[in-house]
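Asks: If you scroll down you'll find the structure; I have some questions about it.
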2 protein chains.
Amino acid sequence: MTTIRDVAKLAGVSVATVSRALNNSGYVSISAREKVEKAVKELNFYPNEVARSLFQKKSKLIGLLLPDITNPFFPAIAKGVEDCVNERGYSLLLGNVEGDSEKQEKYLRIFEQNNIAGVISAVQGNPINLKNMPFVSLDRINEEQKYVVHSDDFLGGQLAAQAIIDGRAKKVVIMAGPENVSASKVRLKGNKDILDRYAVPYEIFQTESFHLDLAEETAKAVFNQLSEFDSVIASNDIYGLALITEAHKRGIKVPEELQVIGYDDMPFSKMMTPPLTTISQPAYEIGYKGAKLLCNVMERDSVTEKRIQLPVTLIKRETLREKDEHE
Amino acid sequence: MTTIRDVAKLAGVSVATVSRALNNSGYVSISAREKVEKAVKELNFYPNEVARSLFQKKSKLIGLLLPDITNPFFPAIAKGVEDCVNERGYSLLLGNVEGDSEKQEKYLRIFEQNNIAGVISAVQGNPINLKNMPFVSLDRINEEQKYVVHSDDFLGGQLAAQAIIDGRAKKVVIMAGPENVSASKVRLKGNKDILDRYAVPYEIFQTESFHLDLAEETAKAVFNQLSEFDSVIASNDIYGLALITEAHKRGIKVPEELQVIGYDDMPFSKMMTPPLTTISQPAYEIGYKGAKLLCNVMERDSVTEKRIQLPVTLIKRETLREKDEHE
DNA sequence: TTGAAAGCGCTACCAA
DNA sequence: TTGGTAGCGCTTTCAA
């Protein structure tokens with residue numbers, strides 16, 4: 001391992017000068033800088049981040065907490081986060097938490113032990129071990145959190161309900177995501193707001209998780225436990241797809257007999273037969289803007305826009321009935 | 001921040017004793033150990049990994065290089081990796097490389113600057129900046145690499161071709177994944193091996209990437225550039241789905257007029273209409289076993305099983321024609 | 001069995 | 001403008 005001492009020796013200057021030259025801090029004469037640069041190049045030297053981090057009590061690492069890396073929504077967020085932090089010279093320490101709050105706390109501890117510069121989390125809840133690490137919440141947020149980036153879940157819920165109503169819903173089933181996840185709760189509110197306004201009857205089917213593996217059995221359960229519904233607002237695209245698949249198995253036609261709307265606009269949703277109508281939220285952008293916010297929080301003390309809300313849009317495809325233009 | 005000094009002071013022993021007690025190294029009397037444990041608990045002390053890593057010249061971090069976190073295959077691998085390294089007390093530094101070899105080298109440098117314990121990579125190619133970090137390749141491997149975990153791509157290719165033939169393929173299109181990706185190349189060989197054996201005519205449509213965003217336009221291109229094919233071996237499930245969607249748009253019936261087989265058995269592939277027939281490879285297990293292999297390489301010097309191959313299976317669903325039992 | 005002290009590679013203070 | 005040096009929190013000699 002080549003160190004700053006090797007560079008100093010080769011350049012014929014002190015380690016202090018090398019350090020100043022590398023960090024553009026303090027005074028360095030042009031000739032000294034040149035000697036250092038030459039030596040750095042010759043030795044192919046890159047400073048050890050661990051040593052730097054030990055001294056600064058702060059590393060160039062950012063902790064990323066995800067509820068489920070297997071759910072396509074989160075890799076999209078992660079990519080946005082990564083792109084942004086990379087531009088600023090940070091790297092990501094990954095923590096896939098799986099709804100396990102012990103695991104979450106364990107990760108927070110690991111983050112702290114590694115002098116993390118900040119943490120960005122799409123996991124619901126206020127971590128205990130957070131100490132005073134800069135912290136930004138994504139998507140699954142709560143009221144007390146100071147820095148958050150999320151999309152307009154209430155509007156998303158409204159849009160979904162409105163679209164279903166436009167498809168002449170007589171009786172709708174709302175598959176509501178986990179009760180402890182803010183985004184689900186708010187969407188549900190949005191759904192109800194519109195459904196109530198138009199006095200369309202609905203039933204709520206509460207799901208415990210967004211996990212992909214549960215989608216199929218949940219779809220079955222919906223059909224087994226509920227009846228005579230002609231419209232479903234699914235908790236996300238995967239659950240919507242599972243529901244459509246189950247409907248097909250039971251000989252129910254989509255959208256004629258049963259219309260379905262998803263949430264998230266996952267990459268494959270447009271490739272279904274029929275292509276899934278859904279609410280799109282800008283996952284990549286949530287990640288990117290969240291990371292940007294975190295960087296700003298870490299670098300300055302004052303940040304103007306602390307709680308950022310991004311728009312959602314209805315993506316009309318073919319799992320909803322056509323609006324009856326003649327009524 | 002509470003340090004080992006605080007613990008030492010509270011326990012009434014020296015920092016050396018605290019260190020020994022924490023690491024179970026060297027002699028520590030029972031009474032000293034008890035005092036230390038009590039102090040540790042009282043102060044809620046966790047050792048700083050950065051300091052430890054600086055001294056050891058080795059951190060508890062493992063670098064994970066992924067070609068595209070957005071492709072569901074890789075999060076599945078990542079989860080396997082994470083589960084395994086967690087059990088052994090390591091955490092993951094994430095590097096999403098996007099087929100950009102500069103980015104890959106940049107990450108390797110960052111890994112090195114952070115005293116990484118090892119790296120695990122699903123990216124094709126032999127990194128230059130690898131120095132002597134323990135290194136395990138996953139899925140996209142090559143001959144020179146010492147430690148690899150992958151699935152039986154040749155068999156996968158054969159299985160896909162055989163299944164297509166069983167569905168009475170007259171003329172098949174092979175969508176071959178990127179030429180520089182080993183897994184694609186080997187699968188293609190497997191395809192050809194069987195197709196040639198049965199003298200079934202085929203054309204190869206070379207794709208440049210596995211990237212999700214390109215799936216739709218690739219599907220269009222296949223139909224625009226090629227004709228009179230009745231079977232497609234897609235490079236993965238996403239591309240298979242995109243192809244089916246495009247076929248439907250063009251009024252082509254699947255599987256009657258066009259049969260399609262995918263690769264990877266992504267989580268949503270069974271929820272399509274019709275459900276996608278595909279080749280399943282154990283992504284999670286590839287990740288898990290790869291991480292296990294890496295840990296063994298890092299901990300001991302001798303590892304018996306250096307190149308691990310995992311099985312693949314044909315998942316029959318409904319995008320292939322039935323085998324004609326009467327022929 | 002214990003503790004003092006050196007030192008991992010770096011930054012920043014302070015004196016020159 | 002420069003360099004010597006202390007010290008970040010930890011582990012590991014080595015002497016007691």
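For the structure tokens, the naming scheme is as follows: chains receive sequential letters (A, B, ...) according to their order of presentation, residues are indexed from 1 within each chain, and ligands are indexed from 1 in presentation order.
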Counting only C-alpha atoms (C1' of nucleotides), what is within 12 Å of DA4 of chain C, bar same-chain residues fewer than 6 positions away, as a ChimeraX atom specification?
Replies: /B:14-17 /D:12-16
Asks: Could you write out that same residue set with N, CA, C and O atoms (P, O5', C5', C4', C3', O3' and C1' of nucleotides) as a PDB file, in the first residue's frame?
Replies:
ATOM      1  N   SER B  14      -7.129  -0.981  31.810  1.00  0.00           N
ATOM      2  CA  SER B  14      -6.501  -0.253  30.707  1.00  0.00           C
ATOM      3  C   SER B  14      -7.237  -0.522  29.397  1.00  0.00           C
ATOM      4  O   SER B  14      -7.998  -1.483  29.276  1.00  0.00           O
ATOM      5  N   VAL B  15      -6.964   0.329  28.409  1.00  0.00           N
ATOM      6  CA  VAL B  15      -7.586   0.126  27.101  1.00  0.00           C
ATOM      7  C   VAL B  15      -7.166  -1.207  26.496  1.00  0.00           C
ATOM      8  O   VAL B  15      -7.945  -1.858  25.792  1.00  0.00           O
ATOM      9  N   ALA B  16      -5.948  -1.610  26.782  1.00  0.00           N
ATOM     10  CA  ALA B  16      -5.477  -2.889  26.244  1.00  0.00           C
ATOM     11  C   ALA B  16      -6.349  -4.034  26.747  1.00  0.00           C
ATOM     12  O   ALA B  16      -6.734  -4.920  25.980  1.00  0.00           O
ATOM     13  N   THR B  17      -6.663  -3.979  28.017  1.00  0.00           N
ATOM     14  CA  THR B  17      -7.510  -5.028  28.580  1.00  0.00           C
ATOM     15  C   THR B  17      -8.900  -5.001  27.961  1.00  0.00           C
ATOM     16  O   THR B  17      -9.470  -6.041  27.631  1.00  0.00           O
TER      17      THR B  17
ATOM     18  P    DT D  12      -4.936  -7.524  17.007  1.00  0.00           P
ATOM     19  O5'  DT D  12      -3.391  -7.406  17.372  1.00  0.00           O
ATOM     20  C5'  DT D  12      -2.550  -6.587  16.565  1.00  0.00           C
ATOM     21  C4'  DT D  12      -1.273  -6.314  17.304  1.00  0.00           C
ATOM     22  C3'  DT D  12      -0.746  -7.490  18.128  1.00  0.00           C
ATOM     23  O3'  DT D  12       0.634  -7.593  17.876  1.00  0.00           O
ATOM     24  C1'  DT D  12      -0.831  -5.567  19.465  1.00  0.00           C
ATOM     25  P    DT D  13       1.335  -8.987  17.841  1.00  0.00           P
ATOM     26  O5'  DT D  13       2.065  -9.123  19.235  1.00  0.00           O
ATOM     27  C5'  DT D  13       3.460  -9.120  19.240  1.00  0.00           C
ATOM     28  C4'  DT D  13       4.013  -7.696  19.413  1.00  0.00           C
ATOM     29  C3'  DT D  13       5.178  -7.724  20.396  1.00  0.00           C
ATOM     30  O3'  DT D  13       6.374  -7.375  19.737  1.00  0.00           O
ATOM     31  C1'  DT D  13       3.572  -6.012  20.942  1.00  0.00           C
ATOM     32  P    DC D  14       7.755  -7.896  20.255  1.00  0.00           P
ATOM     33  O5'  DC D  14       7.883  -7.200  21.686  1.00  0.00           O
ATOM     34  C5'  DC D  14       7.890  -5.774  21.782  1.00  0.00           C
ATOM     35  C4'  DC D  14       7.897  -5.406  23.253  1.00  0.00           C
ATOM     36  C3'  DC D  14       8.710  -6.373  24.133  1.00  0.00           C
ATOM     37  O3'  DC D  14       9.537  -5.612  24.967  1.00  0.00           O
ATOM     38  C1'  DC D  14       6.541  -6.066  25.018  1.00  0.00           C
ATOM     39  P    DA D  15      10.717  -6.338  25.764  1.00  0.00           P
ATOM     40  O5'  DA D  15      10.572  -5.596  27.156  1.00  0.00           O
ATOM     41  C5'  DA D  15      10.038  -4.261  27.183  1.00  0.00           C
ATOM     42  C4'  DA D  15       9.350  -4.031  28.507  1.00  0.00           C
ATOM     43  C3'  DA D  15      10.076  -4.650  29.723  1.00  0.00           C
ATOM     44  O3'  DA D  15      10.050  -3.696  30.768  1.00  0.00           O
ATOM     45  C1'  DA D  15       7.855  -5.440  29.617  1.00  0.00           C
ATOM     46  P    DA D  16      10.721  -3.998  32.144  1.00  0.00           P
ATOM     47  O5'  DA D  16       9.484  -4.147  33.111  1.00  0.00           O
ATOM     48  C5'  DA D  16       8.496  -3.108  33.130  1.00  0.00           C
ATOM     49  C4'  DA D  16       7.335  -3.596  33.935  1.00  0.00           C
ATOM     50  C3'  DA D  16       7.726  -4.188  35.298  1.00  0.00           C
ATOM     51  O3'  DA D  16       6.910  -3.615  36.297  1.00  0.00           O
ATOM     52  C1'  DA D  16       6.317  -5.673  34.135  1.00  0.00           C
TER      53       DA D  16
END
Asks: Please check the contacts: residues of chain A at most 7 Å away from chain D, using only C-alpha atoms (C1' of nucleotides), listed as a ChimeraX atom specification.
Replies: /A:14,16,27-29,54-55
Asks: Would you mind writing down, as a PyMOL selection string, each residue of segment 90-294 of chain A that DSSP on the backbone assigns to strand (DSSP E)?
Replies: chain A and resi 91-96+118-121+135-138+148-151+172-176+202-206+231-233+259-261+278-280
Asks: For chain B, which residues have at least one atom within 7 Å of chain A, if we go by only C-alpha atoms? Write them as a list in words, please.
Replies: Pro47, Asn48, Glu49, Val50, Ala51, Leu54, Ile69, Thr70, Pro72, Pro75, Ala76, Leu92, Leu93, Leu94, Gln113, Asn114, Ile238, Leu241, Ala242, Thr245, Phe268, Met271, Met272 and Thr273 of chain B
Asks: Within 12 Å of chain B, which residues of chain C are there when counting only C-alpha atoms (C1' of nucleotides)? Please give them as a PyMOL selection string.
Replies: chain C and resi 1-10
Asks: Would you write out those residues with N, CA and C atoms (P, O5', C5', C4', C3', O3' and C1' of nucleotides), as a PDB file, in the first residue's frame?
Replies:
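What landed in part.pdb:
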ATOM      1  P    DT C   1      -5.033 -16.001  33.572  1.00  0.00           P
ATOM      2  O5'  DT C   1      -4.600 -14.481  33.722  1.00  0.00           O
ATOM      3  C5'  DT C   1      -4.811 -13.832  34.955  1.00  0.00           C
ATOM      4  C4'  DT C   1      -4.215 -12.459  34.851  1.00  0.00           C
ATOM      5  C3'  DT C   1      -4.963 -11.500  33.910  1.00  0.00           C
ATOM      6  O3'  DT C   1      -5.591 -10.533  34.732  1.00  0.00           O
ATOM      7  C1'  DT C   1      -2.595 -11.292  33.705  1.00  0.00           C
ATOM      8  P    DT C   2      -6.377  -9.305  34.104  1.00  0.00           P
ATOM      9  O5'  DT C   2      -5.219  -8.266  33.897  1.00  0.00           O
ATOM     10  C5'  DT C   2      -4.681  -7.585  35.018  1.00  0.00           C
ATOM     11  C4'  DT C   2      -3.616  -6.647  34.543  1.00  0.00           C
ATOM     12  C3'  DT C   2      -4.115  -5.514  33.660  1.00  0.00           C
ATOM     13  O3'  DT C   2      -4.213  -4.352  34.469  1.00  0.00           O
ATOM     14  C1'  DT C   2      -2.024  -6.424  32.922  1.00  0.00           C
ATOM     15  P    DG C   3      -4.848  -3.023  33.854  1.00  0.00           P
ATOM     16  O5'  DG C   3      -3.559  -2.332  33.238  1.00  0.00           O
ATOM     17  C5'  DG C   3      -2.460  -2.054  34.090  1.00  0.00           C
ATOM     18  C4'  DG C   3      -1.361  -1.385  33.302  1.00  0.00           C
ATOM     19  C3'  DG C   3      -1.811  -0.201  32.435  1.00  0.00           C
ATOM     20  O3'  DG C   3      -0.731   0.722  32.442  1.00  0.00           O
ATOM     21  C1'  DG C   3      -0.836  -1.811  31.050  1.00  0.00           C
ATOM     22  P    DA C   4      -0.970   2.229  32.218  1.00  0.00           P
ATOM     23  O5'  DA C   4       0.453   2.655  31.622  1.00  0.00           O
ATOM     24  C5'  DA C   4       1.615   1.851  31.890  1.00  0.00           C
ATOM     25  C4'  DA C   4       2.649   2.068  30.804  1.00  0.00           C
ATOM     26  C3'  DA C   4       2.517   3.367  30.014  1.00  0.00           C
ATOM     27  O3'  DA C   4       3.834   3.759  29.662  1.00  0.00           O
ATOM     28  C1'  DA C   4       2.185   1.545  28.554  1.00  0.00           C
ATOM     29  P    DA C   5       4.066   5.060  28.784  1.00  0.00           P
ATOM     30  O5'  DA C   5       4.159   4.442  27.321  1.00  0.00           O
ATOM     31  C5'  DA C   5       5.013   3.310  27.101  1.00  0.00           C
ATOM     32  C4'  DA C   5       5.028   2.983  25.622  1.00  0.00           C
ATOM     33  C3'  DA C   5       4.877   4.193  24.709  1.00  0.00           C
ATOM     34  O3'  DA C   5       5.600   3.920  23.526  1.00  0.00           O
ATOM     35  C1'  DA C   5       3.143   2.725  24.263  1.00  0.00           C
ATOM     36  P    DA C   6       6.075   5.065  22.586  1.00  0.00           P
ATOM     37  O5'  DA C   6       6.273   4.277  21.217  1.00  0.00           O
ATOM     38  C5'  DA C   6       6.594   2.876  21.244  1.00  0.00           C
ATOM     39  C4'  DA C   6       6.004   2.220  20.012  1.00  0.00           C
ATOM     40  C3'  DA C   6       5.957   3.126  18.781  1.00  0.00           C
ATOM     41  O3'  DA C   6       6.238   2.335  17.646  1.00  0.00           O
ATOM     42  C1'  DA C   6       3.781   2.420  19.304  1.00  0.00           C
ATOM     43  P    DG C   7       6.585   3.017  16.269  1.00  0.00           P
ATOM     44  O5'  DG C   7       5.234   2.794  15.462  1.00  0.00           O
ATOM     45  C5'  DG C   7       4.720   1.484  15.303  1.00  0.00           C
ATOM     46  C4'  DG C   7       3.360   1.604  14.666  1.00  0.00           C
ATOM     47  C3'  DG C   7       3.273   2.737  13.637  1.00  0.00           C
ATOM     48  O3'  DG C   7       2.463   2.306  12.556  1.00  0.00           O
ATOM     49  C1'  DG C   7       1.583   2.963  15.186  1.00  0.00           C
ATOM     50  P    DC C   8       2.930   2.585  11.110  1.00  0.00           P
ATOM     51  O5'  DC C   8       1.657   2.144  10.273  1.00  0.00           O
ATOM     52  C5'  DC C   8       1.079   0.848  10.378  1.00  0.00           C
ATOM     53  C4'  DC C   8      -0.419   0.987  10.178  1.00  0.00           C
ATOM     54  C3'  DC C   8      -0.809   2.147   9.277  1.00  0.00           C
ATOM     55  O3'  DC C   8      -0.945   1.668   7.936  1.00  0.00           O
ATOM     56  C1'  DC C   8      -2.191   2.042  11.265  1.00  0.00           C
ATOM     57  P    DG C   9      -0.130   2.299   6.751  1.00  0.00           P
ATOM     58  O5'  DG C   9      -0.949   3.608   6.400  1.00  0.00           O
ATOM     59  C5'  DG C   9      -2.256   3.500   5.873  1.00  0.00           C
ATOM     60  C4'  DG C   9      -2.886   4.881   5.874  1.00  0.00           C
ATOM     61  C3'  DG C   9      -2.093   5.941   5.117  1.00  0.00           C
ATOM     62  O3'  DG C   9      -2.974   6.577   4.210  1.00  0.00           O
ATOM     63  C1'  DG C   9      -2.612   6.703   7.290  1.00  0.00           C
ATOM     64  P    DC C  10      -2.599   7.858   3.372  1.00  0.00           P
ATOM     65  O5'  DC C  10      -3.270   8.995   4.260  1.00  0.00           O
ATOM     66  C5'  DC C  10      -4.698   9.062   4.342  1.00  0.00           C
ATOM     67  C4'  DC C  10      -5.096  10.003   5.451  1.00  0.00           C
ATOM     68  C3'  DC C  10      -4.762  11.464   5.205  1.00  0.00           C
ATOM     69  O3'  DC C  10      -5.924  12.100   4.661  1.00  0.00           O
ATOM     70  C1'  DC C  10      -4.320  10.797   7.468  1.00  0.00           C
TER      71       DC C  10
END
Asks: May I ask which of the residues A:Tyr202, A:Lys306, A:Gln225, A:Glu299 is the closest one to Lys170 of chain A, counting only C-alpha atoms?
Replies: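 Closest candidate: A:Tyr202.
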